[in-house]
Amino acid sequence: MLRFTSLGSGSSGNGLVVESGATRVLMDCGFTLADTKARLERVGLAPSQIAGIVVTHEHDDHMGGVARFALRYAIPVYLTRGSAQWLPPDFPAVLVRYVDSHTTFSIDGLSVEPFPVPHDAREPVQYVFSDGAARLGVVTDLGSVTQHVVEKLSGCQALVIECNHDLDMLMEGPYPVSLKHRVSGRFGHLSNLDAQRLVSALERSRLRHLIAAHLSQQNNRPELAVRALSAGADCEPGWIGVATQDDGFAWREA
Ligand SMILES: [Zn+2]
Ligand SMILES: [Zn+2]
């Protein structure tokens with residue numbers, strides 16, 4: 001059985017736990033040590049139960065808390081060579097596991113499939129997790145949808161997909177022009193409409209969980225993201241979940 005829960009999602013910090021049997025993997029950690037521990041406690045876990053941390057890219061909201069947490073609890077960190085350049089220089093090599101962005105690997109029986117994504121980071125990837133029966137696909141920072149991303153996310157039982165902004169809210173909002181262009185650009189973040197189009201392009205016959213993630217507090221509203229994903233998946237809005245910055249979302253079984 002594959003279970004997953006979010007510790008929080010958004011530009012102030014991300015963390016998602018995937019569990020298969022007794023194996024638990026943390027994807028990204030953008031929270032302080034104390035905050036990560038508190039958020040894990042909230043979902044019934046202790047830091048010692050985390051077998052590995054898989055990193056998507058070096059931005060602070062994903063990697064900001066990784067090194068300290070990994071060091072404190074001696075947890076191996078899985079990341080691309082590009083992301084690894086942002087580890088502190090004195091980070092112990094014994095805790096580093098390099099990820100090739102096209103090669104599936106396994107952490108204590110949990111399969112982890114990285115795939116490269118367009119985003120303004122050094123070597124960003126996102127991941128599909130599988131216990132052999134169910135697949136969970138996650139994309140939290142994606143500038144634009146590639147055919148490769150569509151192939152990787154097709155056929156999943158569960159999807160967590162970035163719905164960063166409503167394009168009108170972003171463009172009419174308070175961000176400086178350069179930041180508006182960065183966020184909405186091909187290496188920035190997925191808008192609600194982009195996410196809707198991504199979902200509609202996927203093979204969805206096995207899909208049972210669809211969750212909007214990495215919502216901008218400034219440039220989006222949960223109901224807009226929900227409306228976009230329900231339109232993309234051609235389903236009732238009540239079926240769509242939303243990951244929040246403070247609480248993430250509760251455990252779900254893929
Ligand atoms: Zn992010
Ligand atoms: Zn990012």
# chains A, B, ... in the order shown; residues from 1 in each chain; ligands from 1
$ closest_atom_pairs --of "segment 56-168 of chain A" --to "segment 224-232 of chain A" --cutoff "12 Å" --atoms "only C-alpha atoms" --output "Markdown table"
| residue | atom | partner | partner_atom | distance |
| --- | --- | --- | --- | --- |
| A:Leu159 | CA | A:Leu229 | CA | 10.9 |
| A:Val160 | CA | A:Leu229 | CA | 10.7 |
| A:Ile161 | CA | A:Leu229 | CA | 9.0 |
| A:Glu162 | CA | A:Ala225 | CA | 9.2 |
| A:Cys163 | CA | A:Ala225 | CA | 6.0 |
| A:Asn164 | CA | A:Ala225 | CA | 8.4 |
| A:His165 | CA | A:Ala225 | CA | 8.1 |
| A:Asp166 | CA | A:Leu224 | CA | 7.4 |
| A:Leu167 | CA | A:Leu224 | CA | 10.8 |
| A:Asp168 | CA | A:Leu224 | CA | 11.3 |
$ closest_atom_pairs --of "chain A" --to "ligand 2" --cutoff "8 Å" --atoms "only C-alpha atoms and all ligand atoms" --output "Markdown table"
| residue | atom | partner | partner_atom_place_in_ligand_line | distance |
| --- | --- | --- | --- | --- |
| A:His57 | CA | ligand 2 | 1 (Zn) | 6.6 |
| A:Glu58 | CA | ligand 2 | 1 (Zn) | 7.4 |
| A:His59 | CA | ligand 2 | 1 (Zn) | 5.0 |
| A:Asp60 | CA | ligand 2 | 1 (Zn) | 7.9 |
| A:Asp61 | CA | ligand 2 | 1 (Zn) | 7.3 |
| A:His62 | CA | ligand 2 | 1 (Zn) | 7.3 |
| A:His119 | CA | ligand 2 | 1 (Zn) | 6.7 |
| A:Asp120 | CA | ligand 2 | 1 (Zn) | 6.9 |
| A:Ala121 | CA | ligand 2 | 1 (Zn) | 6.7 |
| A:Thr140 | CA | ligand 2 | 1 (Zn) | 7.9 |
| A:Asp141 | CA | ligand 2 | 1 (Zn) | 5.2 |
| A:Leu142 | CA | ligand 2 | 1 (Zn) | 7.9 |
| A:Gly188 | CA | ligand 2 | 1 (Zn) | 7.5 |
| A:His189 | CA | ligand 2 | 1 (Zn) | 7.8 |
$ write_last_selection --atoms "C-alpha atoms" --output "PDB file, in the first residue's frame"
ATOM      1  CA  HIS A  57      15.863  21.347  -6.788  1.00  0.00           C
ATOM      2  CA  GLU A  58      17.869  23.860  -4.801  1.00  0.00           C
ATOM      3  CA  HIS A  59      15.277  26.600  -4.227  1.00  0.00           C
ATOM      4  CA  ASP A  60      14.933  27.425  -0.545  1.00  0.00           C
ATOM      5  CA  ASP A  61      11.294  26.393  -0.265  1.00  0.00           C
ATOM      6  CA  HIS A  62      12.403  22.841  -1.234  1.00  0.00           C
ATOM      7  CA  HIS A 119      12.289  25.288 -14.096  1.00  0.00           C
ATOM      8  CA  ASP A 120      14.820  28.009 -13.312  1.00  0.00           C
ATOM      9  CA  ALA A 121      17.116  25.822 -11.218  1.00  0.00           C
ATOM     10  CA  THR A 140       5.494  21.150  -7.635  1.00  0.00           C
ATOM     11  CA  ASP A 141       7.658  23.503  -9.716  1.00  0.00           C
ATOM     12  CA  LEU A 142       7.158  23.363 -13.444  1.00  0.00           C
ATOM     13  CA  GLY A 188       8.836  29.552 -13.821  1.00  0.00           C
ATOM     14  CA  HIS A 189       5.640  28.120 -12.398  1.00  0.00           C
TER      15      HIS A 189
END
$ atom_distance --atom1 "atom CA of His214 of chain A" --atom2 "atom CA of Ser9 of chain A"
5.1 Å
$ select_by_dssp --residues "segment 24-219 of chain A" --states "helix (DSSP H, G or I)" --output "MDAnalysis selection string"
chainID A and resid 33:42 47:49 60:63 66:73 81:84 93:95 147:153 167:172 177:184 192:201
$ write_last_selection --atoms "C-alpha atoms" --output "PDB file, in the first residue's frame"
ATOM      1  CA  LEU A  33      14.511  21.724  11.893  1.00  0.00           C
ATOM      2  CA  ALA A  34      11.977  22.376  14.657  1.00  0.00           C
ATOM      3  CA  ASP A  35       9.172  23.050  12.180  1.00  0.00           C
ATOM      4  CA  THR A  36       9.907  19.871  10.205  1.00  0.00           C
ATOM      5  CA  LYS A  37       9.850  17.826  13.387  1.00  0.00           C
ATOM      6  CA  ALA A  38       6.545  19.408  14.454  1.00  0.00           C
ATOM      7  CA  ARG A  39       4.986  18.849  11.032  1.00  0.00           C
ATOM      8  CA  LEU A  40       6.099  15.201  11.011  1.00  0.00           C
ATOM      9  CA  GLU A  41       4.635  14.737  14.494  1.00  0.00           C
ATOM     10  CA  ARG A  42       1.332  16.099  13.224  1.00  0.00           C
ATOM     11  CA  PRO A  47      12.302  11.954  12.143  1.00  0.00           C
ATOM     12  CA  SER A  48      13.990   8.584  12.743  1.00  0.00           C
ATOM     13  CA  GLN A  49      11.298   6.939  10.612  1.00  0.00           C
ATOM     14  CA  ASP A  60      14.933  27.425  -0.545  1.00  0.00           C
ATOM     15  CA  ASP A  61      11.294  26.393  -0.265  1.00  0.00           C
ATOM     16  CA  HIS A  62      12.403  22.841  -1.234  1.00  0.00           C
ATOM     17  CA  MET A  63      15.990  22.440  -0.075  1.00  0.00           C
ATOM     18  CA  VAL A  66      17.337  19.488   3.883  1.00  0.00           C
ATOM     19  CA  ALA A  67      20.972  19.638   5.037  1.00  0.00           C
ATOM     20  CA  ARG A  68      20.271  20.362   8.711  1.00  0.00           C
ATOM     21  CA  PHE A  69      17.531  17.750   8.979  1.00  0.00           C
ATOM     22  CA  ALA A  70      19.610  15.118   7.166  1.00  0.00           C
ATOM     23  CA  LEU A  71      22.659  15.865   9.298  1.00  0.00           C
ATOM     24  CA  ARG A  72      20.761  15.901  12.588  1.00  0.00           C
ATOM     25  CA  TYR A  73      19.162  12.490  11.994  1.00  0.00           C
ATOM     26  CA  ARG A  81      24.568  16.684  -9.147  1.00  0.00           C
ATOM     27  CA  GLY A  82      23.216  20.110 -10.082  1.00  0.00           C
ATOM     28  CA  SER A  83      21.203  20.363  -6.851  1.00  0.00           C
ATOM     29  CA  ALA A  84      24.064  18.893  -4.799  1.00  0.00           C
ATOM     30  CA  ALA A  93      29.617  12.730   1.414  1.00  0.00           C
ATOM     31  CA  VAL A  94      28.466   9.562   3.157  1.00  0.00           C
ATOM     32  CA  LEU A  95      24.931  10.988   3.270  1.00  0.00           C
ATOM     33  CA  GLN A 147       5.635  15.704 -23.579  1.00  0.00           C
ATOM     34  CA  HIS A 148       8.043  13.882 -21.255  1.00  0.00           C
ATOM     35  CA  VAL A 149       6.148  15.182 -18.198  1.00  0.00           C
ATOM     36  CA  VAL A 150       2.841  14.067 -19.745  1.00  0.00           C
ATOM     37  CA  GLU A 151       4.248  10.561 -20.311  1.00  0.00           C
ATOM     38  CA  LYS A 152       5.599  10.274 -16.764  1.00  0.00           C
ATOM     39  CA  LEU A 153       2.365  11.404 -15.092  1.00  0.00           C
ATOM     40  CA  LEU A 167      -2.657  34.404 -14.629  1.00  0.00           C
ATOM     41  CA  ASP A 168      -4.990  37.417 -14.287  1.00  0.00           C
ATOM     42  CA  MET A 169      -4.337  37.722 -10.544  1.00  0.00           C
ATOM     43  CA  LEU A 170      -0.589  37.517 -11.163  1.00  0.00           C
ATOM     44  CA  MET A 171      -0.591  40.112 -13.928  1.00  0.00           C
ATOM     45  CA  GLU A 172      -2.891  42.537 -12.086  1.00  0.00           C
ATOM     46  CA  VAL A 177       7.075  43.226 -13.790  1.00  0.00           C
ATOM     47  CA  SER A 178      10.305  41.205 -13.908  1.00  0.00           C
ATOM     48  CA  LEU A 179       8.993  38.786 -11.273  1.00  0.00           C
ATOM     49  CA  LYS A 180       5.649  38.470 -13.088  1.00  0.00           C
ATOM     50  CA  HIS A 181       7.568  37.416 -16.179  1.00  0.00           C
ATOM     51  CA  ARG A 182       9.781  35.008 -14.237  1.00  0.00           C
ATOM     52  CA  VAL A 183       6.832  33.306 -12.540  1.00  0.00           C
ATOM     53  CA  SER A 184       4.740  33.002 -15.702  1.00  0.00           C
ATOM     54  CA  ASN A 192      -4.095  27.096 -13.063  1.00  0.00           C
ATOM     55  CA  LEU A 193      -4.831  26.983 -16.771  1.00  0.00           C
ATOM     56  CA  ASP A 194      -1.496  25.251 -17.514  1.00  0.00           C
ATOM     57  CA  ALA A 195      -2.299  22.670 -14.834  1.00  0.00           C
ATOM     58  CA  GLN A 196      -5.782  22.180 -16.273  1.00  0.00           C
ATOM     59  CA  ARG A 197      -4.308  21.515 -19.719  1.00  0.00           C
ATOM     60  CA  LEU A 198      -1.701  19.146 -18.269  1.00  0.00           C
ATOM     61  CA  VAL A 199      -4.343  17.100 -16.471  1.00  0.00           C
ATOM     62  CA  SER A 200      -6.580  16.966 -19.530  1.00  0.00           C
ATOM     63  CA  ALA A 201      -3.636  15.633 -21.600  1.00  0.00           C
TER      64      ALA A 201
END
$ closest_residue --among "A:Gln126, A:Thr80, A:Ser205, A:Ser111" --to "ligand 1" --atoms "only C-alpha atoms and all ligand atoms"
A:Gln126
$ select_by_dssp --residues "segment 43-151 of chain A" --states "strand (DSSP E or B)" --output "JSON, numbers by chain"
{"A": [52, 53, 54, 77, 78, 79, 96, 97, 98, 105, 106, 107, 110, 111, 112, 113, 114, 115, 116, 125, 126, 127, 128, 129, 130, 135, 136, 137, 138, 139]}
$ closest_residue --among "A:Phe187, A:Phe105, A:Trp239, A:Phe249" --to "ligand 1" --atoms "only C-alpha atoms and all ligand atoms"
A:Phe187
$ closest_residue --among "A:Arg97, A:Arg186, A:Arg204, A:Arg135" --to "Arg3 of chain A" --atoms "only C-alpha atoms"
A:Arg135
$ closest_residue --among "A:Val139, A:Pro76, A:Phe4, A:Asp108" --to "ligand 1" --atoms "only C-alpha atoms and all ligand atoms"
A:Val139
